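> If you scroll down you'll find the structure; I have some questions about it.
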Amino acid sequence: MARRKKRAGKGTFSNVELPVAKSYLTPSSRNRLLLAGGAVVTVLLAWVAVDSWIGNPQSLSNGPLSSNHANLEDNCAACHTEDNEVSNAACSTCHEKHGDELGVFTFASHYLYRSNDFQRVVPSPDEEPCHACHIEHQGRDAAITQVPDSRCLSCHQFGSFNDDHPQFEFATSNLPDDDALAFTHTRHVNEVMERGGLEDVEQACLSCHHPRPEGKSFQPIAFDRHCDVCHLTTSMRTPPLPVRSAATGPAGVETLEAIQQRGGPATQWAYFLNPNEFRRLGDRVVKGPLYHRDPWVLENLRGLRRALYPEAGLADLLTTSPDVPLNELATLYREAIATLKGQVRGLRARPEPEVQEELARLGALLEELERRLDDPYAPLDEARFLLALGPASSSLSETEVEQIEALVTALTEPCQQCHRVDNATIARVRQDQRTLRRAEFNHRAHIVQRRCLDCHGEIPVSEFLGKSEPAQASLDRAAIHNLPRIESCQECHNPKLASNRCVTCHLFHPDQSRRSQLLLYIGDEPEG
Amino acid sequence: MSSQPRARLRKRPPSVRSAARLTARRWSWGFVMATSLCLATYGANWLFAEVSPGSVWGLAYGTAAALLMVAAALYGMRRRALSLASKYRLGSARNWLYLHLYGGALFLLLMLMHSAFRIPSGAVNWWLWLLSGWTVASGLFGLALQQWIPRTLGSGLGLEVVYERVGELVGELRDKAEALAATSVEPVQALYARRVAPELAAPKRRWIYFLDITGGKQGQLKEFDYLRRFLSSEEKEKLGELARLYKAKLDLDAHYTLQTALRGWLWAHVPTSMVVLILLILHLGAVFYF
């Protein structure tokens with residue numbers, strides 16, 4: 001049976017007749033909440049105030065500095081100016097401490113780093129301060145050199161590496177590789193494998209291409225180490241060459257005796273050469289055997305060139321042509337200095353005191369130039385050379401020019417088995433084999449995962465392995481860039497595999513090894 | 001067509017409840033749209049540009065988050081300045097509440113977008129990030145309590161009381177029970193002394209009310225039922241009255257427990273939100289100063 005609910009009487013409520021409130025009830029105040037919040041806020045502000053008053057407000061810092069700058073943690077003023085800017089000057093205080101003149105960390109050096117283009121050294125409105133890319137206060141473990149792609153893309157209008165990276169310049173321009181050398185890979189690989197009894201083609205590659213210690217690139221190919229075993233034999237000799245006389249005029253070679261009698265700087269070698277290597281055939285002479293950089297051939301070649309190009313100037317000090325990329329100019333300077341030093345040595349036998357004084361001064365100057373070439377921090381503006389062949393001599397008749405050029409061809413006939421000769425000068429073989437200069441490629445990191453021919457497959461070495469006939473010239477010659485295209489890189493460097501960030505391959509700042517080359521350009525006002 | 005049916009078809013003015021429902025629907029749709037827009041923007045940012053607090057995108061998220069934070073905080077001020085709100089027509093309380101709720105939730109999303117969904121470095125930034133999350137989470141928790149507790153209290157208990165009167169009413173019950181027990185037989189007095197008197201000493205909070213609003217009331221009254229068999233009809237009446245007083249006390253305890261929670265969550269929300277505002281000012285100051 002359901003129990004009847006007891007009804008509340010007047011002034012009461014519920015079945016137990018509780019009294020209703022006699023007056024309006026004010027809800028409990030929330031001031032205590034605000035007071036509690038205010039107390040916490042006060043403590044917070046006091047902490048910030050005390051922290052700021054002490055000197056270096058760590059409480060307001062955006063975070064700890066990276067480990068590279070951790071020693072500056074308690075010294076805000078080291079980077080922040082009174083206006084609380086972080087200027088490039090603050091960065092250069094440490095980072096360019098040993099040579100502000102280098103300007104390594106400037107945009108100017110960045111423009112020149114890979115382009116070698118003087119016209120690029122023009123201030124750009126897009127240039128940003130150091131801290132825009134190297135973002136600090138991101139914690140101790142932050143890698144501030146790992147600049148995000150977006151910083152690079154703010155100037156370089158590319159998309160991501162996998163979608164919109166431009167093709168390599170060598171592939172788009174279709175320009176040949178520097179083919180100053182006649183060389184066939186297929187023939188040489190087969191020769192090396194056969195002589196060494198090698199079974200793996202990679203061993204053949206590495207028998208000539210020796211990696212540099214840092215693993216990035218390879219040591220230059222050297223004739224003495226790699227070529228002379230096969231290419232210099234006792235049977236190698238010049239064709240009969242006309243001996244210079246009144247009848248031949250300049251279109252003749254000087255004999256060893258004539259050079260010895262003439263004397264002059266840098267002809268000491270003539271006294272150490274074996275006269276039996278020359279065979280006189282009437283008014284002609286044959287030199288054999290020949291050496292690499294044979295001094296007699298080079299001396300005569302220099303003489304012929306001097307006849308053709310009397311205005312060659314300092315280019316005359318070089319053994320081969322002065323055509324090098326701008327970043328390799330230092331090589332030319334070293335070579336010219338070596339020639340001059342040889343000539344100074346050659347004149348040491350002169351008895352006159354005034355000559356000896358001049359030679360001492362000249363020697364000291366050359367030493368100083370050489371020292372500055374070795375010092376990446378020393379400016380070298382005064383060490384510039386004018387390296388050019390200049391115009392052909394106008395005093396020679398057309399017939400004489402033709403005769404001299406024919407003699408040059410005959411004199412260098414053994415050389416031309418491998419070398420190209422232009423303008424009576426042996427074309428310079430590039431020692432630095434790098435083509436992709438705008439990126440940093442590390443062979444060591446890649447060779448453990450891929451084989452040489454996986455990337456360098458433009459020349460069909462594999463197809464001609466073991467075949468007696470080398471590939472035809474259209475397939476195998478030095479002018480072919482035996483390099484992969486960008487698609488080959490993109491196979492592995494993508495978001496799912498290897499890193500594909502800009503800084504994985506590219507450097508903004510020039511690396512240390514290239515400082516001395518940059519010295520030649522930084523500080524120059526662009527012409528015009 | 002005559003004018004009579006046309007008049008019948010004329011739309012009736014919406015009731016207060018339906019107007020409230022319409023407002024709620026507009027705000028929830030607005031929130032969904034704004035959230036979608038934010039997420040789409042962030043997706044585009046992620047695809048096309050750098051995701052970082054210092055980028056243009058990141059600064060835009062941060063600015064929007066700061067504005068929403070301030071707007072959400074103004075709700076508390078508006079509550080304390082009702083006369084000003086009505087004088088200057090600052091909008092209805094309902095709209096301010098929705099701005100507080102949805103704006104606060106959107107603030108958290110924009111703040112996370114600003115920090116690129118990463119924990120920031122730096123003391124102020126870290127605390128701002130952490131307490132922002134805490135404030136919004138405690139606000140959502142409070143919203144859930146406000147939706148659930150009044151409904152539970154209204155449906156599962158026999159009386160409704162104002163939180164501030166619970167102590168007074170418990171005293172009232174104690175007086176009544178004492179008077180009743182004094183005139184009862186010895187077994188009833190013993191039951192009162194052992195079971196009822198300690199319970200009526202003061203209001204008590206029990207966790208059980210969060211799970212079961214009755215608090216296991218029937219189980220606790222079994223002793224009363226057992227004793228009733230051995231009493232005369234007059235004593236049975238007294239025992240029944242004592243049981244009603246005991247039940248009323250348990251209901252008051254339920255009110256006391258749940259209404260404490262209904263007020264207590266503000267301690268987790270209001271002081272931290274004040275700290276977040278100050279941290280926001282410090283953060284902005286540091287950003288502009290450095």
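In the structure tokens, chains take letters A, B, ... by order of appearance, with residues numbered from 1 within each chain and ligands from 1 in the order shown.
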Give me, as a PyMOL selection string, the residues of range 17-199 of chain A that a backbone DSSP run labels strand (DSSP E or B).
chain A and resi 18-19+80+86+181
> May I have the selected residues written with C-alpha atoms, as a compact mmCIF listing (two decimals), in the first residue's frame?

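So the final result, stored in part00.txt, reads:
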```
# COMPACT_ATOMS: atom_id res chain seq x y z
CA LEU A 18 11.98 22.17 7.45
CA PRO A 19 11.59 25.93 7.83
CA HIS A 80 70.88 42.06 -27.37
CA VAL A 86 70.19 41.25 -32.18
CA LEU A 181 91.82 15.40 -72.02
```
> Quick one: DSSP alpha helix (DSSP H) residues in range 3-113 of chain B, as a ChimeraX atom specification?
/B:3-9,16-48,56-80,82-87,93-113
> Point out the residue among B:Arg151, B:Lys87, B:Arg17, B:Arg118 with the least atom-to-atom distance to chain A, counting only C-alpha atoms.
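Closest residue, counting only C-alpha atoms: B:Arg118.
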> Please provide as a PyMOL selection string all residues within 9 Å of range 26-34 of chain B, with the sequence filter that same-chain residues fewer than 5 positions apart are discarded (counting only C-alpha atoms).
chain B and resi 21+39+95+98-99+102-103+105-106
> Determine which residues of chain B sit within 8 Å of chain A, taking into account only C-alpha atoms, and present them as a ChimeraX atom specification.
/B:49-50,120-125,158-159,164,169,172-173,241,244-245,248,266-267,270-272,274-275,278,282-283,286,289-290
> Find the residues near range 354-364 of chain A: any atom within 9 Å, counting only C-alpha atoms, skip ones fewer than 3 places away on the same chain, and give them as a list in words.
Leu340, Lys341, Val344, Arg345, Leu347, Arg348, Ala349, Arg350, Pro351, Glu367, Glu368 and Leu369 of chain A
> Given the selection you just returned, output its residues as a file containing N, CA and C atoms, formatted as an mmCIF file, in the first residue's frame.

```
data_model
loop_
_atom_site.group_PDB
_atom_site.id
_atom_site.type_symbol
_atom_site.label_atom_id
_atom_site.label_comp_id
_atom_site.auth_asym_id
_atom_site.auth_seq_id
_atom_site.Cartn_x
_atom_site.Cartn_y
_atom_site.Cartn_z
ATOM 1 N N LEU A 340 108.549 31.775 -61.437
ATOM 2 C CA LEU A 340 109.385 32.937 -61.107
ATOM 3 C C LEU A 340 110.505 32.559 -60.137
ATOM 4 N N LYS A 341 110.167 31.711 -59.174
ATOM 5 C CA LYS A 341 111.196 31.292 -58.214
ATOM 6 C C LYS A 341 112.293 30.488 -58.912
ATOM 7 N N VAL A 344 114.453 32.949 -60.603
ATOM 8 C CA VAL A 344 115.322 33.615 -59.621
ATOM 9 C C VAL A 344 116.511 32.706 -59.299
ATOM 10 N N ARG A 345 116.216 31.434 -59.080
ATOM 11 C CA ARG A 345 117.289 30.486 -58.779
ATOM 12 C C ARG A 345 118.307 30.445 -59.926
ATOM 13 N N LEU A 347 119.160 32.728 -61.906
ATOM 14 C CA LEU A 347 120.004 33.932 -61.996
ATOM 15 C C LEU A 347 120.949 34.079 -60.804
ATOM 16 N N ARG A 348 120.880 33.157 -59.870
ATOM 17 C CA ARG A 348 121.734 33.251 -58.683
ATOM 18 C C ARG A 348 123.232 33.165 -59.053
ATOM 19 N N ALA A 349 123.529 32.557 -60.210
ATOM 20 C CA ALA A 349 124.932 32.386 -60.594
ATOM 21 C C ALA A 349 125.563 33.697 -61.067
ATOM 22 N N ARG A 350 124.728 34.715 -61.307
ATOM 23 C CA ARG A 350 125.281 35.999 -61.771
ATOM 24 C C ARG A 350 126.121 36.640 -60.664
ATOM 25 N N PRO A 351 127.315 37.127 -60.981
ATOM 26 C CA PRO A 351 128.211 37.632 -59.927
ATOM 27 C C PRO A 351 127.898 39.055 -59.472
ATOM 28 N N GLU A 367 108.218 34.905 -51.748
ATOM 29 C CA GLU A 367 107.939 34.157 -50.513
ATOM 30 C C GLU A 367 106.696 34.715 -49.827
ATOM 31 N N GLU A 368 106.626 36.045 -49.782
ATOM 32 C CA GLU A 368 105.490 36.696 -49.129
ATOM 33 C C GLU A 368 104.185 36.366 -49.857
ATOM 34 N N LEU A 369 104.254 36.410 -51.180
ATOM 35 C CA LEU A 369 103.055 36.078 -51.965
ATOM 36 C C LEU A 369 102.622 34.635 -51.706
#
```
> Need the shell around range 274-287 of chain A: protein/DNA/RNA residues with any atom at most 10 Å away, counting only C-alpha atoms. Skip same-chain ones fewer than 5 positions apart. Format as number ranges by chain?
A: 236-245, 248, 252-257, 294, 296-297, 411
> Neighbours of Gly156 in chain B within 7 Å (only C-alpha atoms; same-chain residues fewer than 3 positions away dropped), as a ChimeraX atom specification?
/B:152-153,213-214
> Write to file, as an mmCIF file, in the first residue's frame, the residues of the selection just made, with N, CA, C and O atoms.

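After the write, selection_14.cif holds the following:
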```cif
data_model
loop_
_atom_site.group_PDB
_atom_site.id
_atom_site.type_symbol
_atom_site.label_atom_id
_atom_site.label_comp_id
_atom_site.auth_asym_id
_atom_site.auth_seq_id
_atom_site.Cartn_x
_atom_site.Cartn_y
_atom_site.Cartn_z
ATOM 1 N N THR B 152 20.654 16.127 -11.855
ATOM 2 C CA THR B 152 20.682 14.992 -10.937
ATOM 3 C C THR B 152 20.020 15.356 -9.607
ATOM 4 O O THR B 152 19.224 14.588 -9.070
ATOM 5 N N LEU B 153 20.360 16.536 -9.104
ATOM 6 C CA LEU B 153 19.781 16.950 -7.823
ATOM 7 C C LEU B 153 18.263 17.108 -7.941
ATOM 8 O O LEU B 153 17.523 16.778 -7.019
ATOM 9 N N ILE B 213 23.033 9.042 -6.583
ATOM 10 C CA ILE B 213 22.495 10.206 -5.883
ATOM 11 C C ILE B 213 21.742 9.792 -4.609
ATOM 12 O O ILE B 213 21.636 10.571 -3.668
ATOM 13 N N THR B 214 21.255 8.553 -4.530
ATOM 14 C CA THR B 214 20.561 8.106 -3.302
ATOM 15 C C THR B 214 21.574 7.785 -2.208
ATOM 16 O O THR B 214 21.215 7.713 -1.026
#
```
> Figure out the distance between CA of Val56 in chain B and CA of His114 in chain B, please, to one decimal in Å.
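These atoms are spaced 10.3 Å apart.
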> Compile the contact shell of Ala190 in chain B as a list in words: residues with an atom at most 9 Å away, counting only C-alpha atoms, same-chain residues fewer than 5 positions apart removed.
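Those residues are Ala181, Val185 and Arg195 of chain B.
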> What is the CA of Thr35 in chain B-CA of Leu108 in chain B distance in Å, reported with one decimal?
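Going from CA of Thr35 in chain B over to CA of Leu108 in chain B covers 10.8 Å.
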> To one decimal in Å, tell me the separation between CA of Thr145 in chain A and CA of Trp126 in chain B.
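Atom-to-atom, CA of Thr145 in chain A and CA of Trp126 in chain B are spaced 23.9 Å apart.
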> Under the rule that only C-alpha atoms are counted, which of B:Arg78, B:Ser132, B:Ala85, B:Lys238 is the nearest residue to Ala177 in chain B?
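Once distances to Ala177 in chain B are computed over only C-alpha atoms, the minimum belongs to B:Lys238.
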